[in-house]
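Trainee: Just start14.txt, nothing more (compact mmCIF, C-alpha atoms and all ligand atoms):
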```
# COMPACT_ATOMS: atom_id res chain seq x y z
CA MET A 1 -8.58 -29.13 10.24
CA ALA A 2 -10.94 -26.21 10.48
CA ILE A 3 -9.32 -24.26 13.28
CA HIS A 4 -10.63 -22.84 16.53
CA SER A 5 -14.31 -22.17 15.92
CA SER A 6 -17.18 -22.96 13.60
CA ASP A 7 -17.05 -21.31 10.19
CA THR A 8 -20.21 -19.38 11.03
CA GLU A 9 -18.62 -17.89 14.17
CA LEU A 10 -15.54 -16.99 12.16
CA LEU A 11 -17.60 -15.22 9.52
CA ASN A 12 -20.05 -13.35 11.73
CA GLY A 13 -17.23 -11.66 13.59
CA THR A 14 -17.62 -13.42 16.96
CA ALA A 15 -14.53 -15.65 16.79
CA LYS A 16 -10.90 -14.71 16.39
CA SER A 17 -8.42 -16.28 14.04
CA ARG A 18 -4.90 -15.72 12.79
CA ILE A 19 -4.63 -12.87 10.28
CA LEU A 20 -1.80 -12.43 7.79
CA VAL A 21 -1.42 -9.02 6.21
CA THR A 22 0.76 -9.23 3.12
CA CYS A 23 3.02 -6.47 1.79
CA PRO A 24 6.12 -6.08 -0.42
CA LYS A 25 9.59 -7.07 0.82
CA GLN A 26 11.22 -4.56 3.24
CA ILE A 27 7.85 -3.13 4.22
CA PRO A 28 6.89 -5.48 7.14
CA PRO A 29 8.49 -3.27 9.86
CA TYR A 30 6.32 -0.32 8.74
CA LEU A 31 3.24 -2.51 8.50
CA ALA A 32 3.92 -3.81 12.02
CA GLN A 33 4.08 -0.19 13.26
CA GLU A 34 0.70 0.48 11.66
CA LEU A 35 -0.84 -2.66 13.20
CA GLU A 36 0.45 -1.71 16.64
CA ALA A 37 -0.95 1.80 16.26
CA LEU A 38 -4.34 0.20 15.51
CA ASP A 39 -3.96 -1.95 18.68
CA PHE A 40 -3.41 -5.27 16.93
CA PRO A 41 -0.90 -7.73 18.44
CA ILE A 42 2.15 -8.66 16.36
CA ALA A 43 2.48 -12.46 16.31
CA GLU A 44 5.26 -12.72 13.72
CA ILE A 45 7.01 -10.56 11.15
CA ALA A 46 7.56 -12.48 7.90
CA PRO A 47 9.62 -11.40 4.83
CA ALA A 48 6.53 -10.16 2.98
CA GLY A 49 3.84 -9.83 5.61
CA VAL A 50 2.94 -9.59 9.28
CA PHE A 51 0.86 -12.05 11.33
CA THR A 52 -1.64 -10.74 13.82
CA SER A 53 -5.02 -11.98 15.07
CA GLY A 54 -8.60 -10.77 15.25
CA THR A 55 -12.13 -11.32 14.05
CA MET A 56 -13.56 -11.02 10.56
CA HIS A 57 -14.86 -7.59 11.59
CA ASP A 58 -11.31 -6.63 12.58
CA CYS A 59 -10.39 -7.48 8.99
CA TYR A 60 -12.88 -4.83 7.79
CA LYS A 61 -11.07 -2.29 9.99
CA LEU A 62 -7.63 -3.33 8.71
CA ASN A 63 -8.81 -3.06 5.10
CA LEU A 64 -10.00 0.48 5.79
CA HIS A 65 -7.00 1.79 7.72
CA LEU A 66 -3.78 0.08 6.57
CA ARG A 67 -1.58 2.19 4.29
CA THR A 68 1.32 -0.21 3.71
CA GLY A 69 -0.47 -3.60 3.52
CA HIS A 70 -1.68 -5.23 0.33
CA ARG A 71 -4.08 -7.98 1.41
CA VAL A 72 -5.69 -8.95 4.70
CA LEU A 73 -5.89 -12.75 4.88
CA PHE A 74 -8.13 -14.35 7.51
CA GLN A 75 -7.12 -17.91 8.39
CA LEU A 76 -9.80 -20.53 8.00
CA ALA A 77 -7.96 -23.82 8.38
CA ARG A 78 -4.58 -25.47 8.44
CA PHE A 79 -3.70 -29.09 7.87
CA TYR A 80 -0.99 -31.51 6.76
CA VAL A 81 -1.00 -32.54 3.13
CA ARG A 82 1.24 -34.84 1.13
CA THR A 83 -0.50 -35.03 -2.21
CA PRO A 84 -2.95 -33.01 -4.31
CA ASP A 85 -5.61 -35.59 -3.37
CA ASP A 86 -4.97 -34.91 0.35
CA LEU A 87 -5.46 -31.24 -0.43
CA TYR A 88 -8.79 -31.93 -2.14
CA LYS A 89 -9.99 -34.14 0.74
CA SER A 90 -8.99 -31.71 3.49
CA LEU A 91 -10.52 -28.72 1.70
CA SER A 92 -13.73 -30.71 1.13
CA LYS A 93 -14.20 -30.95 4.90
CA ILE A 94 -14.57 -27.16 5.26
CA ALA A 95 -18.22 -25.99 5.27
CA TRP A 96 -17.82 -23.81 2.18
CA GLU A 97 -21.62 -23.64 1.85
CA ASP A 98 -21.54 -21.40 4.99
CA ILE A 99 -18.77 -19.24 3.54
CA ILE A 100 -19.44 -18.59 -0.15
CA PRO A 101 -22.98 -17.86 -1.40
CA THR A 102 -24.20 -20.41 -3.97
CA ASP A 103 -25.11 -17.54 -6.29
CA GLY A 104 -21.72 -15.87 -5.69
CA TYR A 105 -18.35 -16.11 -7.40
CA VAL A 106 -15.07 -17.46 -6.06
CA SER A 107 -11.48 -17.21 -7.17
CA VAL A 108 -8.67 -19.34 -5.77
CA ILE A 109 -5.07 -18.16 -5.54
CA SER A 110 -2.30 -20.34 -4.24
CA SER A 111 1.35 -20.24 -3.36
CA VAL A 112 2.92 -23.68 -3.49
CA GLU A 113 6.39 -24.75 -2.36
CA THR A 114 6.30 -28.54 -2.20
CA GLU A 115 7.74 -31.45 -4.14
CA ALA A 116 4.24 -32.89 -4.53
CA ILE A 117 3.23 -30.33 -7.10
CA SER A 118 5.12 -28.00 -9.41
CA ASN A 119 2.36 -25.86 -10.76
CA THR A 120 0.22 -23.38 -8.83
CA MET A 121 -2.44 -23.54 -11.57
CA PHE A 122 -2.95 -27.22 -10.78
CA ALA A 123 -3.24 -26.43 -7.06
CA ASN A 124 -5.75 -23.65 -7.82
CA VAL A 125 -7.92 -26.02 -9.86
CA LYS A 126 -7.76 -28.75 -7.18
CA CYS A 127 -8.82 -26.23 -4.49
CA LYS A 128 -11.56 -24.70 -6.64
CA ASP A 129 -12.93 -28.20 -7.40
CA ALA A 130 -13.00 -29.09 -3.68
CA ILE A 131 -14.89 -25.86 -2.87
CA VAL A 132 -17.50 -25.98 -5.63
CA ASP A 133 -18.00 -29.78 -5.42
CA ARG A 134 -18.72 -29.44 -1.69
CA ILE A 135 -21.18 -26.57 -2.21
CA ARG A 136 -22.97 -28.40 -5.04
CA ALA A 137 -23.24 -31.58 -2.93
CA LYS A 138 -24.72 -29.65 0.01
CA CYS A 139 -26.89 -27.08 -1.81
CA GLY A 140 -27.63 -28.50 -5.27
CA SER A 141 -25.99 -25.56 -7.04
CA ARG A 142 -22.56 -23.95 -7.00
CA PRO A 143 -21.02 -20.49 -7.26
CA ASP A 144 -19.26 -19.42 -10.44
CA SER A 145 -15.48 -19.46 -10.36
CA GLY A 146 -12.60 -17.94 -12.30
CA SER A 147 -9.67 -15.57 -12.06
CA ASP A 148 -11.56 -12.36 -11.17
CA THR A 149 -10.39 -11.35 -7.68
CA SER A 150 -13.03 -8.70 -7.09
CA LYS A 151 -15.43 -11.10 -5.33
CA ALA A 152 -14.79 -13.96 -2.85
CA VAL A 153 -11.13 -14.98 -2.87
CA VAL A 154 -9.60 -18.04 -1.21
CA PHE A 155 -5.84 -18.08 -0.71
CA VAL A 156 -4.04 -21.40 -0.15
CA TYR A 157 -0.44 -21.46 1.05
CA TRP A 158 1.12 -24.91 0.82
CA LYS A 159 4.73 -25.24 1.95
CA GLY A 160 6.30 -28.65 2.52
CA LEU A 161 3.66 -30.68 4.35
CA HIS A 162 1.83 -27.67 5.79
CA CYS A 163 -1.15 -26.10 4.15
CA ASN A 164 -2.84 -22.89 5.35
CA VAL A 165 -6.19 -21.82 3.97
CA TYR A 166 -7.18 -18.16 4.16
CA LEU A 167 -10.05 -15.99 3.06
CA ASP A 168 -8.52 -13.03 1.27
CA THR A 169 -10.74 -10.26 2.62
CA SER A 170 -9.26 -7.54 0.35
CA GLY A 171 -9.32 -8.99 -3.18
CA GLU A 172 -7.72 -6.24 -5.18
CA SER A 173 -4.55 -4.93 -3.53
CA LEU A 174 -5.19 -2.26 -0.88
CA SER A 175 -2.51 -0.26 -2.65
CA LYS A 176 -5.23 0.64 -5.15
CA ARG A 177 -6.90 3.37 -3.15
CA GLY A 178 -9.19 4.50 -5.96
CA TYR A 179 -7.88 8.04 -6.49
CA ARG A 180 -5.20 7.48 -9.12
CA SER A 181 -7.14 7.37 -12.37
CA MET A 182 -4.27 9.19 -14.13
CA PRO A 183 -1.12 7.19 -13.26
CA GLY A 184 1.45 9.21 -15.31
CA GLN A 185 4.95 7.86 -16.02
CA ALA A 186 6.53 5.24 -13.73
CA PRO A 187 4.36 5.95 -10.70
CA MET A 188 5.29 4.46 -7.34
CA ARG A 189 2.75 2.19 -5.68
CA GLU A 190 0.70 3.95 -3.02
CA SER A 191 1.65 1.39 -0.32
CA LEU A 192 5.36 1.81 -1.10
CA VAL A 193 4.99 5.59 -0.92
CA ALA A 194 3.25 5.27 2.46
CA ALA A 195 6.16 3.15 3.79
CA THR A 196 8.77 5.61 2.48
CA LEU A 197 6.86 8.47 4.14
CA MET A 198 6.90 6.54 7.42
CA ALA A 199 10.66 6.07 6.97
CA THR A 200 11.13 9.85 6.75
CA LYS A 201 9.54 10.25 10.21
CA TRP A 202 7.87 13.41 8.89
CA ASP A 203 5.88 14.91 11.77
CA ARG A 204 2.84 15.55 9.51
CA THR A 205 2.65 19.25 10.41
CA SER A 206 5.98 20.71 9.20
CA PRO A 207 6.36 21.73 5.53
CA PHE A 208 6.54 18.82 3.08
CA VAL A 209 7.87 19.43 -0.43
CA ASN A 210 7.59 16.86 -3.23
CA LEU A 211 9.73 17.75 -6.26
CA MET A 212 9.18 15.88 -9.59
CA CYS A 213 5.77 14.85 -8.27
CA GLY A 214 4.64 12.98 -11.43
CA SER A 215 1.08 11.75 -10.83
CA GLY A 216 1.26 13.15 -7.30
CA THR A 217 1.38 9.89 -5.31
CA ILE A 218 3.95 11.11 -2.76
CA ALA A 219 2.22 14.47 -2.25
CA ILE A 220 -1.24 12.90 -2.03
CA GLU A 221 -0.21 10.13 0.40
CA ALA A 222 1.55 12.76 2.55
CA ALA A 223 -1.63 14.87 2.66
CA LEU A 224 -3.79 11.81 3.43
CA MET A 225 -1.47 10.91 6.31
CA ALA A 226 -1.35 14.43 7.68
CA LEU A 227 -5.15 14.59 7.67
CA GLY A 228 -5.46 11.09 9.14
CA GLN A 229 -7.71 10.10 6.22
CA ALA A 230 -8.34 6.34 6.13
CA PRO A 231 -6.64 5.25 2.88
CA ALA A 232 -9.47 2.99 1.69
CA LEU A 233 -12.26 5.48 2.31
CA LEU A 234 -12.76 5.85 -1.45
CA ARG A 235 -12.87 2.13 -2.21
CA GLU A 236 -16.28 0.65 -2.84
CA ASN A 237 -15.37 -3.01 -3.09
CA PHE A 238 -13.56 -5.51 -0.85
CA SER A 239 -13.71 -9.30 -0.97
CA PHE A 240 -15.18 -9.54 2.54
CA MET A 241 -18.38 -8.02 1.10
CA HIS A 242 -18.87 -11.17 -1.00
CA LEU A 243 -18.77 -13.69 1.86
CA CYS A 244 -21.70 -15.17 3.80
CA GLY A 245 -22.22 -13.32 7.07
CA TYR A 246 -21.04 -9.96 5.66
CA SER A 247 -22.35 -7.22 7.94
CA PRO A 248 -23.03 -4.01 5.96
CA THR A 249 -23.91 -2.27 9.25
CA THR A 250 -20.49 -2.98 10.76
CA TRP A 251 -18.78 -1.74 7.62
CA VAL A 252 -20.89 1.42 7.33
CA ASN A 253 -20.26 2.23 11.02
CA LEU A 254 -16.50 1.84 10.59
CA ARG A 255 -16.54 4.02 7.48
CA ASP A 256 -18.73 6.69 9.09
CA GLU A 257 -16.41 6.81 12.11
CA ALA A 258 -13.43 7.31 9.78
CA ARG A 259 -15.31 10.05 7.89
CA ALA A 260 -16.23 11.84 11.12
CA MET A 261 -12.56 11.73 12.24
CA LEU A 262 -11.53 13.18 8.90
CA SER A 263 -14.06 16.03 9.13
CA ARG A 264 -12.74 16.90 12.61
CA SER A 265 -9.17 16.83 11.36
CA LYS A 266 -10.01 19.01 8.33
CA ALA A 267 -11.81 21.51 10.57
CA ALA A 268 -8.73 21.70 12.83
CA GLN A 269 -6.36 22.19 9.90
CA ASN A 270 -5.12 25.76 10.03
CA GLN A 271 -2.22 25.65 7.55
CA PRO A 272 -3.06 26.91 4.05
CA PHE A 273 -0.97 24.21 2.37
CA LEU A 274 0.35 21.10 4.03
CA VAL A 275 2.28 20.04 0.96
CA THR A 276 4.06 21.69 -1.99
CA ALA A 277 4.33 19.62 -5.18
CA SER A 278 6.08 20.52 -8.44
CA ASP A 279 6.88 18.96 -11.80
CA ILE A 280 8.27 20.24 -15.09
CA SER A 281 5.57 18.54 -17.16
CA SER A 282 2.13 20.13 -17.61
CA ALA A 283 0.64 16.66 -18.18
CA SER A 284 2.08 15.45 -14.85
CA ILE A 285 0.75 18.48 -12.97
CA ALA A 286 -2.68 18.01 -14.60
CA ALA A 287 -2.69 14.32 -13.59
CA ALA A 288 -1.51 15.10 -10.04
CA GLU A 289 -4.19 17.77 -9.59
CA HIS A 290 -6.85 15.44 -10.94
CA ASN A 291 -5.75 12.62 -8.62
CA ALA A 292 -5.50 14.94 -5.60
CA LYS A 293 -9.04 16.14 -6.27
CA ALA A 294 -10.27 12.54 -6.46
CA ALA A 295 -8.51 11.82 -3.14
CA GLY A 296 -10.17 14.88 -1.57
CA VAL A 297 -6.86 16.60 -0.74
CA ALA A 298 -6.41 19.08 -3.63
CA GLU A 299 -6.98 22.08 -1.36
CA TYR A 300 -4.07 21.01 0.88
CA ILE A 301 -1.48 20.79 -1.91
CA ARG A 302 0.14 23.74 -3.64
CA PHE A 303 1.06 22.66 -7.18
CA GLN A 304 3.70 24.37 -9.30
CA ARG A 305 4.67 23.57 -12.87
CA CYS A 306 8.39 24.29 -13.05
CA ASP A 307 11.85 22.81 -13.17
CA PHE A 308 12.43 21.32 -9.71
CA ALA A 309 15.15 23.89 -9.04
CA GLU A 310 12.59 26.71 -9.38
CA THR A 311 10.25 25.27 -6.71
CA GLU A 312 9.35 27.76 -3.98
CA VAL A 313 10.38 26.06 -0.79
CA PRO A 314 8.52 27.13 2.39
CA SER A 315 10.64 28.43 5.24
CA ALA A 316 12.16 25.59 7.26
CA SER A 317 11.38 27.55 10.38
CA ASP A 318 7.64 26.88 9.78
CA GLY A 319 7.99 23.47 11.40
CA ALA A 320 10.17 21.27 13.58
CA SER A 321 10.89 18.65 10.94
CA PRO A 322 10.44 19.87 7.33
CA VAL A 323 10.96 17.32 4.56
CA VAL A 324 11.79 17.58 0.86
CA MET A 325 11.38 14.36 -1.10
CA LEU A 326 11.63 13.25 -4.72
CA ASN A 327 11.59 10.20 -6.92
CA PRO A 328 13.60 11.17 -10.02
CA GLU A 329 13.70 8.94 -13.08
CA TYR A 330 16.55 6.46 -12.81
CA GLY A 331 17.17 5.55 -16.41
CA GLU A 332 16.32 1.94 -17.04
CA ARG A 333 17.15 2.16 -20.75
CA MET A 334 20.57 2.55 -22.40
CA GLY A 335 21.63 6.13 -22.94
CA GLU A 336 19.16 7.56 -20.43
CA GLU A 337 21.55 7.29 -17.51
CA ALA A 338 24.14 9.67 -18.95
CA LYS A 339 21.46 12.32 -19.53
CA LEU A 340 20.27 12.01 -15.93
CA GLU A 341 23.71 12.54 -14.38
CA ASP A 342 23.36 16.29 -14.60
CA THR A 343 19.85 16.17 -13.10
CA TYR A 344 21.13 14.25 -10.06
CA LYS A 345 24.00 16.71 -9.66
CA ARG A 346 21.49 19.59 -9.75
CA ILE A 347 19.39 17.85 -7.06
CA GLY A 348 22.42 17.97 -4.75
CA ASP A 349 22.99 21.64 -5.55
CA PHE A 350 19.32 22.48 -4.95
CA PHE A 351 19.29 20.62 -1.63
CA LYS A 352 22.42 22.50 -0.51
CA GLN A 353 21.40 25.92 -1.72
CA GLN A 354 17.62 26.03 -1.23
CA CYS A 355 16.68 23.48 1.40
CA GLY A 356 18.75 24.42 4.46
CA GLY A 357 17.02 23.20 7.63
CA TYR A 358 15.16 20.42 5.78
CA ARG A 359 15.75 16.68 5.66
CA GLY A 360 16.07 15.66 2.01
CA TYR A 361 15.01 12.26 0.62
CA VAL A 362 15.73 10.81 -2.81
CA PHE A 363 14.04 7.53 -3.82
CA THR A 364 16.01 5.89 -6.61
CA GLY A 365 16.91 2.50 -8.06
CA ASN A 366 20.22 3.70 -9.48
CA MET A 367 23.11 4.01 -7.04
CA HIS A 368 25.50 5.20 -9.74
CA LEU A 369 23.25 8.20 -10.39
CA ALA A 370 22.71 8.72 -6.65
CA LYS A 371 26.48 9.32 -6.24
CA LYS A 372 26.14 12.30 -8.59
CA ILE A 373 24.05 14.08 -5.93
CA GLY A 374 27.43 14.77 -4.32
CA LEU A 375 26.15 14.86 -0.72
CA LYS A 376 26.78 12.30 1.97
CA ALA A 377 23.62 10.38 2.82
CA SER A 378 23.06 10.13 6.57
CA ARG A 379 20.88 7.00 6.10
CA ARG A 380 19.91 4.58 3.36
CA HIS A 381 16.53 2.85 3.66
CA GLU A 382 16.16 -0.26 1.49
CA PHE A 383 12.98 -0.82 -0.53
CA TYR A 384 11.80 -2.65 -3.64
CA ASN A 385 9.89 -0.95 -6.42
CA ALA A 386 8.31 -4.04 -8.03
CA ASP A 387 11.48 -6.18 -8.45
CA ILE A 388 13.95 -3.31 -8.56
CA GLU A 389 16.09 -2.86 -5.47
CA CYS A 390 15.83 0.80 -4.50
CA ARG A 391 17.06 3.11 -1.80
CA LEU A 392 15.48 6.01 -0.01
CA LEU A 393 18.53 8.19 0.66
CA GLU A 394 18.34 10.59 3.55
CA TYR A 395 20.29 13.87 3.71
CA GLU A 396 20.54 16.29 6.63
CA LEU A 397 20.58 19.71 4.99
CA TYR A 398 22.12 22.08 7.46
CA SER A 399 23.55 24.95 5.53
CA GLY A 400 23.10 27.13 2.47
CA THR A 401 20.91 29.98 1.44
CA ARG A 402 17.27 29.35 0.81
CA ARG A 403 14.56 31.11 -1.10
CA VAL A 404 11.61 31.50 1.23
CA PHE A 405 8.08 30.80 -0.02
CA GLY A 406 6.22 34.03 -0.58
CA GLU A 407 9.28 36.28 -0.83
C1 LIG B 501 9.62 8.85 -11.94
S1 LIG B 501 8.53 10.19 -12.23
C2 LIG B 501 7.84 10.47 -10.63
C3 LIG B 501 6.70 9.54 -10.39
C4 LIG B 501 5.98 9.83 -9.09
N1 LIG B 501 6.75 9.41 -7.93
C5 LIG B 501 4.62 9.14 -9.09
O1 LIG B 501 4.37 8.26 -8.22
O2 LIG B 501 3.81 9.43 -9.98
C6 LIG B 501 9.62 11.53 -12.43
C7 LIG B 501 8.96 12.86 -12.74
O3 LIG B 501 10.00 13.84 -12.78
C8 LIG B 501 9.59 14.85 -13.70
N2 LIG B 501 10.81 15.61 -14.07
C9 LIG B 501 11.83 15.20 -14.85
N3 LIG B 501 12.77 16.17 -14.94
C10 LIG B 501 12.33 17.20 -14.19
C11 LIG B 501 12.87 18.47 -13.86
N4 LIG B 501 14.05 18.88 -14.34
N5 LIG B 501 12.17 19.28 -13.04
C12 LIG B 501 10.97 18.89 -12.54
N6 LIG B 501 10.40 17.69 -12.85
C13 LIG B 501 11.09 16.85 -13.63
C14 LIG B 501 8.92 14.11 -14.81
O4 LIG B 501 8.03 14.97 -15.52
C15 LIG B 501 8.21 12.98 -14.05
O5 LIG B 501 6.87 13.34 -13.79
```
How does the structure come out when it is put into structure tokens?
Mentor:
Amino acid sequence: MAIHSSDTELLNGTAKSRILVTCPKQIPPYLAQELEALDFPIAEIAPAGVFTSGTMHDCYKLNLHLRTGHRVLFQLARFYVRTPDDLYKSLSKIAWEDIIPTDGYVSVISSVETEAISNTMFANVKCKDAIVDRIRAKCGSRPDSGSDTSKAVVFVYWKGLHCNVYLDTSGESLSKRGYRSMPGQAPMRESLVAATLMATKWDRTSPFVNLMCGSGTIAIEAALMALGQAPALLRENFSFMHLCGYSPTTWVNLRDEARAMLSRSKAAQNQPFLVTASDISSASIAAAEHNAKAAGVAEYIRFQRCDFAETEVPSASDGASPVVMLNPEYGERMGEEAKLEDTYKRIGDFFKQQCGGYRGYVFTGNMHLAKKIGLKASRRHEFYNADIECRLLEYELYSGTRRVFGE
């Protein structure tokens, strides 16, 4: 039933519980690295998430600092269930009146893999009924409920005979940092970009060049990482703020600490531009500049509107591990692929001729087009962009002439 401690102890941050941080497929190893760097133990790496443990206040910290995670789920209970009625009865035993304010709002999300039920909507309704019926019985009134995930969110995972009940402390995906009000064409998710940047092993001080920057996600996430800016510093709302026992003081202290770290890191920053970003489209450059400003990193990114092959690449000798990275279109519609073949071939030429001394990375979902680059990839990192299987191809660029930035 309710595990470990009383619900009040779980919510006021004095008791630990199991925490599941969810993320897209292929990203768990990067998420585990982030959790370890934040001093959280790794209990288990799952296909689309990582299990750790901590208090509710630790969840605040994870929401603020994780770049590759989507939702931080704090475990409340686990039990055996055979039927939807068992689910209702077991959930009714949890003291929801100590968890969700009667004048609040709750949304239930479930993932169900059991023969007892075929429809997650039915499970959601059963869970929601158990929660609100219990609160009404104990308090005389009940919170509102519905599909809005910006307030309290309960996540129920029912597989076989095992049911795990979590409080989703994030609500909206942590990938939504709050800076990308102009998304542009086919933008990559911020969390996916963060994982691909980790895969490049960029040292965060050497030159970083993002060709075909679109709305600027790669360039902006690179600058945020280099500055050590907590990714959720701009977000105003998290689901943990809508639970009983929410401590605004704890949250404000964590946020102020992150802001102070950022100010120190900005003061220590002595490079004029950490990142170079270019795109052929004026609309893309305008969107990228707007988003970079919103993220607070515009002054660290040098934007250029040009064909990617005209980008001024900083000297590779300005750092130990310079990186050039791009996410070209990969032609999901008929006829587009043929037109892109030449672009991919030109990427290979540009890498060879202008990026000597760099490591080059191409993120694409089209392996046929990737072959047109004409260089041998030294590594292929697997990722998913929504449901599309993609690769981050890595190229060691040893030779060739290079135009040096500023010449
Ligand atoms: C798939 S989008 C990049 C999206 C980006 N990763 C993001 O998250 O917003 C590809 C971008 O390549 C740009 N582009 C296409 N051909 C180009 C070229 N020859 N030179 C420079 N940019 C180009 C497009 O304008 C578009 O913004």
Trainee: Quick one: residues within 10 Å of stretch 385-389 of chain A, all atoms listed in the file, excluding same-chain residues fewer than 5 positions away - as a list in words?
Mentor: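 Selected residues are Pro24, Lys25, Pro187, Met188, Arg189, Leu192, Val193, Phe363, Thr364, Gly365, Asn366 and Met367 of chain A.
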Trainee: Taking into account all atoms listed in the file, which residue in the set A:Gly214, A:Ala286, A:Arg380, A:Glu310 is nearest to ligand LIG 501 (chain B)?
Mentor: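 For ligand LIG 501 (chain B), the nearest of the candidates is A:Gly214.
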Trainee: Rounded to one decimal place, report the atom CA of A:Thr205-atom CA of A:Gly360 distance in Å.
Mentor: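 Atom CA of A:Thr205 sits 16.2 Å away from atom CA of A:Gly360.
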Trainee: Would you list the residues that come within 8 Å of ligand LIG 501 (chain B)? Count all atoms listed in the file and give the answer as a ChimeraX atom specification.
Mentor: /A:183-190,193,211-218,278-281,284,288,305-309,326-330,343
Trainee: Return the single residue from A:Ser265, A:Ser107, A:Ser53, A:Ser317 that is closest to A:Gly228, with distances computed using only C-alpha atoms.
Mentor: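 With only C-alpha atoms as the atom set, the closest residue is A:Ser265.
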Trainee: Select, from A:Cys127, A:Leu64, A:Leu73, A:Val108, the residue with the minimum atom-to-atom distance to A:Pro231, counting all atoms listed in the file.
Mentor: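 Checking each candidate against A:Pro231, we get A:Leu64 as the closest.
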Trainee: Just want the 10 Å neighbourhood of A:Gly296, counted on only C-alpha atoms, with same-chain residues fewer than 2 positions away dropped. Output as a list in words.
Mentor: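 So the residues in contact are Tyr179, Ile220, Ala223, Leu224, Gln229, Leu234, His290, Asn291, Ala292, Lys293, Ala294, Ala298, Glu299 and Tyr300 of chain A.
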Trainee: Would you mind writing stretch 66-82 of chain A with N, CA and C atoms, as a PDB file, in the coordinates of the input?
Mentor:
```
ATOM      1  N   LEU A  66      -5.219   0.348   6.811  1.00  0.00           N
ATOM      2  CA  LEU A  66      -3.780   0.080   6.570  1.00  0.00           C
ATOM      3  C   LEU A  66      -3.276   0.779   5.306  1.00  0.00           C
ATOM      4  N   ARG A  67      -2.167   1.469   5.432  1.00  0.00           N
ATOM      5  CA  ARG A  67      -1.580   2.190   4.290  1.00  0.00           C
ATOM      6  C   ARG A  67      -0.515   1.355   3.574  1.00  0.00           C
ATOM      7  N   THR A  68       0.184   0.492   4.320  1.00  0.00           N
ATOM      8  CA  THR A  68       1.320  -0.210   3.710  1.00  0.00           C
ATOM      9  C   THR A  68       1.016  -1.670   3.371  1.00  0.00           C
ATOM     10  N   GLY A  69      -0.127  -2.198   3.801  1.00  0.00           N
ATOM     11  CA  GLY A  69      -0.470  -3.600   3.520  1.00  0.00           C
ATOM     12  C   GLY A  69      -1.102  -3.753   2.157  1.00  0.00           C
ATOM     13  N   HIS A  70      -1.038  -4.973   1.622  1.00  0.00           N
ATOM     14  CA  HIS A  70      -1.680  -5.230   0.330  1.00  0.00           C
ATOM     15  C   HIS A  70      -2.952  -6.055   0.448  1.00  0.00           C
ATOM     16  N   ARG A  71      -2.892  -7.116   1.270  1.00  0.00           N
ATOM     17  CA  ARG A  71      -4.080  -7.980   1.410  1.00  0.00           C
ATOM     18  C   ARG A  71      -4.206  -8.442   2.846  1.00  0.00           C
ATOM     19  N   VAL A  72      -5.435  -8.481   3.328  1.00  0.00           N
ATOM     20  CA  VAL A  72      -5.690  -8.950   4.700  1.00  0.00           C
ATOM     21  C   VAL A  72      -6.278 -10.350   4.577  1.00  0.00           C
ATOM     22  N   LEU A  73      -5.489 -11.349   5.035  1.00  0.00           N
ATOM     23  CA  LEU A  73      -5.890 -12.750   4.880  1.00  0.00           C
ATOM     24  C   LEU A  73      -6.338 -13.306   6.232  1.00  0.00           C
ATOM     25  N   PHE A  74      -7.538 -13.846   6.271  1.00  0.00           N
ATOM     26  CA  PHE A  74      -8.130 -14.350   7.510  1.00  0.00           C
ATOM     27  C   PHE A  74      -8.044 -15.874   7.468  1.00  0.00           C
ATOM     28  N   GLN A  75      -7.362 -16.462   8.468  1.00  0.00           N
ATOM     29  CA  GLN A  75      -7.120 -17.910   8.390  1.00  0.00           C
ATOM     30  C   GLN A  75      -8.365 -18.712   8.730  1.00  0.00           C
ATOM     31  N   LEU A  76      -8.609 -19.704   7.866  1.00  0.00           N
ATOM     32  CA  LEU A  76      -9.800 -20.530   8.000  1.00  0.00           C
ATOM     33  C   LEU A  76      -9.443 -21.926   8.500  1.00  0.00           C
ATOM     34  N   ALA A  77      -8.333 -22.445   8.036  1.00  0.00           N
ATOM     35  CA  ALA A  77      -7.960 -23.820   8.380  1.00  0.00           C
ATOM     36  C   ALA A  77      -6.473 -24.024   8.129  1.00  0.00           C
ATOM     37  N   ARG A  78      -5.929 -25.031   8.805  1.00  0.00           N
ATOM     38  CA  ARG A  78      -4.580 -25.470   8.440  1.00  0.00           C
ATOM     39  C   ARG A  78      -4.530 -26.978   8.639  1.00  0.00           C
ATOM     40  N   PHE A  79      -3.786 -27.626   7.788  1.00  0.00           N
ATOM     41  CA  PHE A  79      -3.700 -29.090   7.870  1.00  0.00           C
ATOM     42  C   PHE A  79      -2.411 -29.573   7.200  1.00  0.00           C
ATOM     43  N   TYR A  80      -2.136 -30.888   7.435  1.00  0.00           N
ATOM     44  CA  TYR A  80      -0.990 -31.510   6.760  1.00  0.00           C
ATOM     45  C   TYR A  80      -1.465 -32.070   5.434  1.00  0.00           C
ATOM     46  N   VAL A  81      -0.681 -31.903   4.411  1.00  0.00           N
ATOM     47  CA  VAL A  81      -1.000 -32.540   3.130  1.00  0.00           C
ATOM     48  C   VAL A  81       0.273 -33.084   2.498  1.00  0.00           C
ATOM     49  N   ARG A  82       0.100 -34.255   1.850  1.00  0.00           N
ATOM     50  CA  ARG A  82       1.240 -34.840   1.130  1.00  0.00           C
ATOM     51  C   ARG A  82       1.021 -34.747  -0.370  1.00  0.00           C
TER      52      ARG A  82
END
```
